[in-house]
Amino acid sequence: QVQLVESGGGLVQPGGSLRLSCATSGSIFSFYVMGWYRQAPGKQRELVALNSLGGTTNYADSVKDRFTISRDSAKNTVHLQMSSLKPEDTAVYYCNSNSRYGNLQHWGQGTQVTVSS
C-alpha cells in the first residue's frame, strides 16, 4: 500500500521561507513522478511543481524562481523549498506521486501553508 506523508507546513510572514517534505512508502513503481499541488479556499487544486525520474521538472508560472523541488530517489522522498512567500501562496499543499504511465496516482493528506503578517 502506497502512503505519502507531508510535513513542514505552517504560518510564515510574507517574504519568508518554508520547506515541505513528503515521505513515502510502498511500491517504487508509484514514484516515477513526484510533486506538489495546492488548493486554496474556494479554488481548484493546481499544480505547483513536478519532477520525474526521466529528468523533467515543471513549475507553475506563479512559483518559478521562488520554489524549488528536489527529490531523493533512493529514499523516494520529495521536498519543496519555498522562498519569497506571498499571501497568495496560502493553501493546503498536497504531495502527489504517479507511475511512469499515469496509472498509479496517489495523494498525501495535505499540509497547510499560511502566509500572513
# chains A, B, ... in the order shown; residues from 1 in each chain; ligands from 1
>>> residues_around(residues="Val2 (chain A)", least_positions_apart="2", cutoff="7 Å", atoms="only C-alpha atoms", output="list in words")
Leu4, Ser25, Gly26 and Ser27 of chain A
>>> write_last_selection(atoms="N, CA and C atoms", output="CSV table (one decimal), in the first residue's frame")
chain,number,residue,atom,x,y,z
A,4,LEU,N,1.8,8.5,1.3
A,4,LEU,CA,2.5,9.8,1.2
A,4,LEU,C,2.2,10.6,2.4
A,25,SER,N,6.0,5.4,1.3
A,25,SER,CA,6.2,4.0,1.5
A,25,SER,C,5.4,3.3,0.5
A,26,GLY,N,5.8,2.1,0.1
A,26,GLY,CA,5.0,1.3,-0.9
A,26,GLY,C,5.8,1.0,-2.1
A,27,SER,N,5.1,0.7,-3.2
A,27,SER,CA,5.7,0.3,-4.4
A,27,SER,C,6.5,1.4,-5.1
>>> residues_around(residues="region 72-83 of chain A", least_positions_apart="4", cutoff="9 Å", atoms="only C-alpha atoms", output="PDB file with N, CA, C and O atoms, in the first residue's frame")
ATOM      1  N   GLY A  15       7.376  37.077   2.419  1.00  0.00           N
ATOM      2  CA  GLY A  15       8.805  37.173   2.187  1.00  0.00           C
ATOM      3  C   GLY A  15       9.604  36.073   2.853  1.00  0.00           C
ATOM      4  O   GLY A  15      10.810  35.937   2.594  1.00  0.00           O
ATOM      5  N   GLY A  16       8.961  35.297   3.691  1.00  0.00           N
ATOM      6  CA  GLY A  16       9.646  34.224   4.403  1.00  0.00           C
ATOM      7  C   GLY A  16       9.786  32.961   3.582  1.00  0.00           C
ATOM      8  O   GLY A  16       9.423  32.923   2.397  1.00  0.00           O
ATOM      9  N   SER A  17      10.318  31.923   4.234  1.00  0.00           N
ATOM     10  CA  SER A  17      10.574  30.648   3.566  1.00  0.00           C
ATOM     11  C   SER A  17      10.031  29.491   4.388  1.00  0.00           C
ATOM     12  O   SER A  17       9.920  29.575   5.617  1.00  0.00           O
ATOM     13  N   LEU A  18       9.692  28.423   3.686  1.00  0.00           N
ATOM     14  CA  LEU A  18       9.301  27.158   4.297  1.00  0.00           C
ATOM     15  C   LEU A  18       9.808  26.024   3.435  1.00  0.00           C
ATOM     16  O   LEU A  18       9.956  26.189   2.215  1.00  0.00           O
ATOM     17  N   ARG A  19      10.024  24.863   4.062  1.00  0.00           N
ATOM     18  CA  ARG A  19      10.426  23.680   3.321  1.00  0.00           C
ATOM     19  C   ARG A  19       9.455  22.547   3.648  1.00  0.00           C
ATOM     20  O   ARG A  19       9.326  22.147   4.798  1.00  0.00           O
ATOM     21  N   LEU A  20       8.779  22.090   2.616  1.00  0.00           N
ATOM     22  CA  LEU A  20       7.865  20.965   2.759  1.00  0.00           C
ATOM     23  C   LEU A  20       8.590  19.670   2.392  1.00  0.00           C
ATOM     24  O   LEU A  20       9.448  19.662   1.508  1.00  0.00           O
ATOM     25  N   SER A  21       8.228  18.612   3.087  1.00  0.00           N
ATOM     26  CA  SER A  21       8.795  17.302   2.795  1.00  0.00           C
ATOM     27  C   SER A  21       7.679  16.278   2.645  1.00  0.00           C
ATOM     28  O   SER A  21       6.619  16.415   3.256  1.00  0.00           O
ATOM     29  N   CYS A  22       7.935  15.269   1.847  1.00  0.00           N
ATOM     30  CA  CYS A  22       6.963  14.193   1.635  1.00  0.00           C
ATOM     31  C   CYS A  22       7.700  12.868   1.740  1.00  0.00           C
ATOM     32  O   CYS A  22       8.579  12.578   0.915  1.00  0.00           O
ATOM     33  N   ALA A  23       7.351  12.110   2.753  1.00  0.00           N
ATOM     34  CA  ALA A  23       7.914  10.774   2.934  1.00  0.00           C
ATOM     35  C   ALA A  23       6.965   9.747   2.346  1.00  0.00           C
ATOM     36  O   ALA A  23       5.739   9.908   2.422  1.00  0.00           O
ATOM     37  N   THR A  24       7.516   8.700   1.753  1.00  0.00           N
ATOM     38  CA  THR A  24       6.674   7.723   1.066  1.00  0.00           C
ATOM     39  C   THR A  24       6.962   6.312   1.535  1.00  0.00           C
ATOM     40  O   THR A  24       8.022   6.027   2.101  1.00  0.00           O
ATOM     41  N   SER A  25       6.022   5.447   1.282  1.00  0.00           N
ATOM     42  CA  SER A  25       6.219   4.020   1.484  1.00  0.00           C
ATOM     43  C   SER A  25       5.355   3.295   0.470  1.00  0.00           C
ATOM     44  O   SER A  25       4.329   3.814   0.030  1.00  0.00           O
ATOM     45  N   ILE A  28       7.701   1.082  -5.450  1.00  0.00           N
ATOM     46  CA  ILE A  28       8.545   2.104  -6.085  1.00  0.00           C
ATOM     47  C   ILE A  28       8.021   2.473  -7.467  1.00  0.00           C
ATOM     48  O   ILE A  28       8.353   3.535  -7.997  1.00  0.00           O
ATOM     49  N   PHE A  31       6.320   5.911  -7.890  1.00  0.00           N
ATOM     50  CA  PHE A  31       7.044   7.143  -7.586  1.00  0.00           C
ATOM     51  C   PHE A  31       7.869   7.652  -8.752  1.00  0.00           C
ATOM     52  O   PHE A  31       8.825   8.379  -8.558  1.00  0.00           O
ATOM     53  N   MET A  34       6.927  12.586  -9.012  1.00  0.00           N
ATOM     54  CA  MET A  34       6.573  13.079  -7.678  1.00  0.00           C
ATOM     55  C   MET A  34       6.491  14.595  -7.719  1.00  0.00           C
ATOM     56  O   MET A  34       7.241  15.241  -8.462  1.00  0.00           O
ATOM     57  N   GLY A  35       5.589  15.118  -6.936  1.00  0.00           N
ATOM     58  CA  GLY A  35       5.448  16.557  -6.967  1.00  0.00           C
ATOM     59  C   GLY A  35       4.488  17.099  -5.943  1.00  0.00           C
ATOM     60  O   GLY A  35       4.088  16.394  -5.008  1.00  0.00           O
ATOM     61  N   TRP A  36       4.140  18.340  -6.152  1.00  0.00           N
ATOM     62  CA  TRP A  36       3.296  19.082  -5.216  1.00  0.00           C
ATOM     63  C   TRP A  36       2.182  19.818  -5.956  1.00  0.00           C
ATOM     64  O   TRP A  36       2.421  20.406  -7.012  1.00  0.00           O
ATOM     65  N   ALA A  49       4.619  22.019  -8.613  1.00  0.00           N
ATOM     66  CA  ALA A  49       5.879  21.554  -9.193  1.00  0.00           C
ATOM     67  C   ALA A  49       5.865  20.037  -9.291  1.00  0.00           C
ATOM     68  O   ALA A  49       5.316  19.354  -8.426  1.00  0.00           O
ATOM     69  N   ASN A  51       8.433  16.559 -10.604  1.00  0.00           N
ATOM     70  CA  ASN A  51       9.732  16.057 -11.018  1.00  0.00           C
ATOM     71  C   ASN A  51       9.594  14.587 -11.376  1.00  0.00           C
ATOM     72  O   ASN A  51       8.953  13.828 -10.655  1.00  0.00           O
ATOM     73  N   LEU A  53      11.598  10.888 -12.762  1.00  0.00           N
ATOM     74  CA  LEU A  53      12.895  10.222 -12.812  1.00  0.00           C
ATOM     75  C   LEU A  53      13.526  10.336 -14.192  1.00  0.00           C
ATOM     76  O   LEU A  53      14.725  10.123 -14.344  1.00  0.00           O
ATOM     77  N   VAL A  63       5.126  30.270  -9.365  1.00  0.00           N
ATOM     78  CA  VAL A  63       6.135  29.939  -8.342  1.00  0.00           C
ATOM     79  C   VAL A  63       7.551  29.840  -8.915  1.00  0.00           C
ATOM     80  O   VAL A  63       8.504  29.634  -8.155  1.00  0.00           O
ATOM     81  N   ASP A  65      11.166  30.561  -9.970  1.00  0.00           N
ATOM     82  CA  ASP A  65      12.211  31.406  -9.385  1.00  0.00           C
ATOM     83  C   ASP A  65      12.019  31.642  -7.895  1.00  0.00           C
ATOM     84  O   ASP A  65      12.833  32.339  -7.266  1.00  0.00           O
ATOM     85  N   ARG A  66      10.948  31.081  -7.305  1.00  0.00           N
ATOM     86  CA  ARG A  66      10.750  31.203  -5.861  1.00  0.00           C
ATOM     87  C   ARG A  66      10.731  29.835  -5.178  1.00  0.00           C
ATOM     88  O   ARG A  66      11.153  29.713  -4.025  1.00  0.00           O
ATOM     89  N   PHE A  67      10.226  28.826  -5.859  1.00  0.00           N
ATOM     90  CA  PHE A  67      10.118  27.476  -5.293  1.00  0.00           C
ATOM     91  C   PHE A  67      11.085  26.551  -6.008  1.00  0.00           C
ATOM     92  O   PHE A  67      11.317  26.690  -7.216  1.00  0.00           O
ATOM     93  N   THR A  68      11.592  25.579  -5.268  1.00  0.00           N
ATOM     94  CA  THR A  68      12.480  24.575  -5.846  1.00  0.00           C
ATOM     95  C   THR A  68      12.070  23.191  -5.357  1.00  0.00           C
ATOM     96  O   THR A  68      11.968  22.961  -4.148  1.00  0.00           O
ATOM     97  N   CYS A  95       1.203  16.415  -1.482  1.00  0.00           N
ATOM     98  CA  CYS A  95       2.205  15.622  -2.172  1.00  0.00           C
ATOM     99  C   CYS A  95       1.486  14.667  -3.130  1.00  0.00           C
ATOM    100  O   CYS A  95       0.418  14.120  -2.798  1.00  0.00           O
TER     101      CYS A  95
END
>>> atom_distance(atom1="CA of Asn96 (chain A)", atom2="CA of Ala60 (chain A)")
14.9 Å
>>> closest_residue(among="A:Asp61, A:Ala91, A:Gly10, A:Leu104", to="Gln44 (chain A)", atoms="only C-alpha atoms")
A:Ala91
>>> select_by_dssp(residues="chain A", states="strand (DSSP E)", output="PyMOL selection string")
chain A and resi 3-7+10-12+18-25+33-39+46-52+57-59+67-72+77-82+91-98+106-107+111-115
>>> atom_distance(atom1="CA of Glu46 (chain A)", atom2="CA of Ile69 (chain A)")
15.5 Å
>>> select_by_dssp(residues="chain A", states="helix (DSSP H, G or I)", output="list in words")
Ile28, Phe29, Ser30, Phe31, Pro87, Glu88 and Asp89 of chain A
>>> write_last_selection(atoms="C-alpha atoms", output="PDB file, in the first residue's frame")
ATOM      1  CA  ILE A  28       8.545   2.104  -6.085  1.00  0.00           C
ATOM      2  CA  PHE A  29       6.686   1.931  -9.390  1.00  0.00           C
ATOM      3  CA  SER A  30       4.311   4.554  -7.994  1.00  0.00           C
ATOM      4  CA  PHE A  31       7.044   7.143  -7.586  1.00  0.00           C
ATOM      5  CA  PRO A  87      -0.130  35.745   0.816  1.00  0.00           C
ATOM      6  CA  GLU A  88      -1.469  34.204  -2.393  1.00  0.00           C
ATOM      7  CA  ASP A  89       0.672  31.121  -1.719  1.00  0.00           C
TER       8      ASP A  89
END
>>> closest_residue(among="A:Leu50, A:Leu85, A:Val33, A:Val113", to="Ser99 (chain A)", atoms="only C-alpha atoms")
A:Val33
>>> atom_distance(atom1="CA of Thr111 (chain A)", atom2="CA of Val92 (chain A)")
5.4 Å
>>> decode(residues="region 84-111 of chain A", atoms="N, CA, C and O atoms", output="PDB file, in the first residue's frame")
ATOM      1  N   SER A  84      10.513  33.597  -0.657  1.00  0.00           N
ATOM      2  CA  SER A  84       9.788  34.820  -1.049  1.00  0.00           C
ATOM      3  C   SER A  84       8.289  34.575  -1.070  1.00  0.00           C
ATOM      4  O   SER A  84       7.594  34.933  -2.021  1.00  0.00           O
ATOM      5  N   LEU A  85       7.795  33.975  -0.010  1.00  0.00           N
ATOM      6  CA  LEU A  85       6.385  33.591   0.034  1.00  0.00           C
ATOM      7  C   LEU A  85       5.469  34.799   0.042  1.00  0.00           C
ATOM      8  O   LEU A  85       5.792  35.849   0.620  1.00  0.00           O
ATOM      9  N   LYS A  86       4.332  34.637  -0.622  1.00  0.00           N
ATOM     10  CA  LYS A  86       3.338  35.691  -0.748  1.00  0.00           C
ATOM     11  C   LYS A  86       2.020  35.219  -0.119  1.00  0.00           C
ATOM     12  O   LYS A  86       1.777  34.012  -0.043  1.00  0.00           O
ATOM     13  N   PRO A  87       1.167  36.152   0.275  1.00  0.00           N
ATOM     14  CA  PRO A  87      -0.130  35.745   0.816  1.00  0.00           C
ATOM     15  C   PRO A  87      -0.911  34.828  -0.132  1.00  0.00           C
ATOM     16  O   PRO A  87      -1.621  33.927   0.325  1.00  0.00           O
ATOM     17  N   GLU A  88      -0.753  35.042  -1.425  1.00  0.00           N
ATOM     18  CA  GLU A  88      -1.469  34.204  -2.393  1.00  0.00           C
ATOM     19  C   GLU A  88      -0.921  32.785  -2.487  1.00  0.00           C
ATOM     20  O   GLU A  88      -1.499  31.937  -3.172  1.00  0.00           O
ATOM     21  N   ASP A  89       0.165  32.499  -1.799  1.00  0.00           N
ATOM     22  CA  ASP A  89       0.672  31.121  -1.719  1.00  0.00           C
ATOM     23  C   ASP A  89      -0.052  30.327  -0.622  1.00  0.00           C
ATOM     24  O   ASP A  89       0.164  29.119  -0.493  1.00  0.00           O
ATOM     25  N   THR A  90      -0.889  30.998   0.138  1.00  0.00           N
ATOM     26  CA  THR A  90      -1.632  30.323   1.194  1.00  0.00           C
ATOM     27  C   THR A  90      -2.552  29.267   0.606  1.00  0.00           C
ATOM     28  O   THR A  90      -3.353  29.541  -0.287  1.00  0.00           O
ATOM     29  N   ALA A  91      -2.410  28.042   1.086  1.00  0.00           N
ATOM     30  CA  ALA A  91      -3.185  26.917   0.556  1.00  0.00           C
ATOM     31  C   ALA A  91      -2.837  25.655   1.333  1.00  0.00           C
ATOM     32  O   ALA A  91      -1.888  25.649   2.128  1.00  0.00           O
ATOM     33  N   VAL A  92      -3.599  24.618   1.088  1.00  0.00           N
ATOM     34  CA  VAL A  92      -3.206  23.282   1.531  1.00  0.00           C
ATOM     35  C   VAL A  92      -2.348  22.681   0.430  1.00  0.00           C
ATOM     36  O   VAL A  92      -2.766  22.658  -0.735  1.00  0.00           O
ATOM     37  N   TYR A  93      -1.174  22.224   0.787  1.00  0.00           N
ATOM     38  CA  TYR A  93      -0.232  21.658  -0.172  1.00  0.00           C
ATOM     39  C   TYR A  93      -0.263  20.140  -0.073  1.00  0.00           C
ATOM     40  O   TYR A  93      -0.146  19.576   1.022  1.00  0.00           O
ATOM     41  N   TYR A  94      -0.409  19.511  -1.237  1.00  0.00           N
ATOM     42  CA  TYR A  94      -0.528  18.057  -1.307  1.00  0.00           C
ATOM     43  C   TYR A  94       0.640  17.448  -2.052  1.00  0.00           C
ATOM     44  O   TYR A  94       1.005  17.905  -3.142  1.00  0.00           O
ATOM     45  N   CYS A  95       1.203  16.415  -1.482  1.00  0.00           N
ATOM     46  CA  CYS A  95       2.205  15.622  -2.172  1.00  0.00           C
ATOM     47  C   CYS A  95       1.486  14.667  -3.130  1.00  0.00           C
ATOM     48  O   CYS A  95       0.418  14.120  -2.798  1.00  0.00           O
ATOM     49  N   ASN A  96       2.076  14.474  -4.287  1.00  0.00           N
ATOM     50  CA  ASN A  96       1.466  13.622  -5.312  1.00  0.00           C
ATOM     51  C   ASN A  96       2.525  12.719  -5.922  1.00  0.00           C
ATOM     52  O   ASN A  96       3.683  13.122  -6.082  1.00  0.00           O
ATOM     53  N   SER A  97       2.131  11.517  -6.243  1.00  0.00           N
ATOM     54  CA  SER A  97       3.046  10.634  -6.962  1.00  0.00           C
ATOM     55  C   SER A  97       2.271   9.872  -8.022  1.00  0.00           C
ATOM     56  O   SER A  97       1.053   9.703  -7.925  1.00  0.00           O
ATOM     57  N   ASN A  98       2.999   9.415  -9.029  1.00  0.00           N
ATOM     58  CA  ASN A  98       2.367   8.640 -10.079  1.00  0.00           C
ATOM     59  C   ASN A  98       3.404   7.761 -10.758  1.00  0.00           C
ATOM     60  O   ASN A  98       4.618   8.025 -10.697  1.00  0.00           O
ATOM     61  N   SER A  99       2.910   6.736 -11.421  1.00  0.00           N
ATOM     62  CA  SER A  99       3.801   5.855 -12.162  1.00  0.00           C
ATOM     63  C   SER A  99       4.200   6.526 -13.473  1.00  0.00           C
ATOM     64  O   SER A  99       3.674   7.574 -13.848  1.00  0.00           O
ATOM     65  N   ARG A 100       5.087   5.902 -14.175  1.00  0.00           N
ATOM     66  CA  ARG A 100       5.538   6.416 -15.479  1.00  0.00           C
ATOM     67  C   ARG A 100       4.372   6.498 -16.460  1.00  0.00           C
ATOM     68  O   ARG A 100       4.349   7.358 -17.333  1.00  0.00           O
ATOM     69  N   TYR A 101       3.397   5.602 -16.318  1.00  0.00           N
ATOM     70  CA  TYR A 101       2.302   5.540 -17.282  1.00  0.00           C
ATOM     71  C   TYR A 101       1.025   6.194 -16.763  1.00  0.00           C
ATOM     72  O   TYR A 101      -0.019   6.121 -17.394  1.00  0.00           O
ATOM     73  N   GLY A 102       1.125   6.852 -15.616  1.00  0.00           N
ATOM     74  CA  GLY A 102      -0.004   7.622 -15.120  1.00  0.00           C
ATOM     75  C   GLY A 102      -1.149   6.815 -14.557  1.00  0.00           C
ATOM     76  O   GLY A 102      -2.272   7.312 -14.444  1.00  0.00           O
ATOM     77  N   ASN A 103      -0.908   5.585 -14.189  1.00  0.00           N
ATOM     78  CA  ASN A 103      -1.998   4.733 -13.727  1.00  0.00           C
ATOM     79  C   ASN A 103      -1.905   4.349 -12.259  1.00  0.00           C
ATOM     80  O   ASN A 103      -2.659   3.493 -11.784  1.00  0.00           O
ATOM     81  N   LEU A 104      -0.996   4.998 -11.536  1.00  0.00           N
ATOM     82  CA  LEU A 104      -0.835   4.672 -10.113  1.00  0.00           C
ATOM     83  C   LEU A 104      -0.703   5.960  -9.314  1.00  0.00           C
ATOM     84  O   LEU A 104       0.255   6.153  -8.579  1.00  0.00           O
ATOM     85  N   GLN A 105      -1.670   6.851  -9.437  1.00  0.00           N
ATOM     86  CA  GLN A 105      -1.602   8.143  -8.770  1.00  0.00           C
ATOM     87  C   GLN A 105      -2.001   8.015  -7.303  1.00  0.00           C
ATOM     88  O   GLN A 105      -2.961   7.319  -6.971  1.00  0.00           O
ATOM     89  N   HIS A 106      -1.262   8.711  -6.443  1.00  0.00           N
ATOM     90  CA  HIS A 106      -1.552   8.739  -5.018  1.00  0.00           C
ATOM     91  C   HIS A 106      -1.379  10.156  -4.480  1.00  0.00           C
ATOM     92  O   HIS A 106      -0.611  10.956  -5.039  1.00  0.00           O
ATOM     93  N   TRP A 107      -2.093  10.438  -3.403  1.00  0.00           N
ATOM     94  CA  TRP A 107      -2.063  11.750  -2.769  1.00  0.00           C
ATOM     95  C   TRP A 107      -1.767  11.611  -1.286  1.00  0.00           C
ATOM     96  O   TRP A 107      -2.179  10.637  -0.641  1.00  0.00           O
ATOM     97  N   GLY A 108      -1.083  12.615  -0.758  1.00  0.00           N
ATOM     98  CA  GLY A 108      -0.942  12.731   0.683  1.00  0.00           C
ATOM     99  C   GLY A 108      -2.164  13.400   1.279  1.00  0.00           C
ATOM    100  O   GLY A 108      -3.097  13.788   0.559  1.00  0.00           O
ATOM    101  N   GLN A 109      -2.144  13.561   2.586  1.00  0.00           N
ATOM    102  CA  GLN A 109      -3.304  14.125   3.273  1.00  0.00           C
ATOM    103  C   GLN A 109      -3.308  15.644   3.243  1.00  0.00           C
ATOM    104  O   GLN A 109      -4.328  16.267   3.550  1.00  0.00           O
ATOM    105  N   GLY A 110      -2.202  16.251   2.870  1.00  0.00           N
ATOM    106  CA  GLY A 110      -2.101  17.694   2.760  1.00  0.00           C
ATOM    107  C   GLY A 110      -1.513  18.343   4.007  1.00  0.00           C
ATOM    108  O   GLY A 110      -1.634  17.824   5.122  1.00  0.00           O
ATOM    109  N   THR A 111      -0.855  19.478   3.786  1.00  0.00           N
ATOM    110  CA  THR A 111      -0.302  20.262   4.889  1.00  0.00           C
ATOM    111  C   THR A 111      -0.602  21.737   4.624  1.00  0.00           C
ATOM    112  O   THR A 111      -0.451  22.224   3.511  1.00  0.00           O
TER     113      THR A 111
END
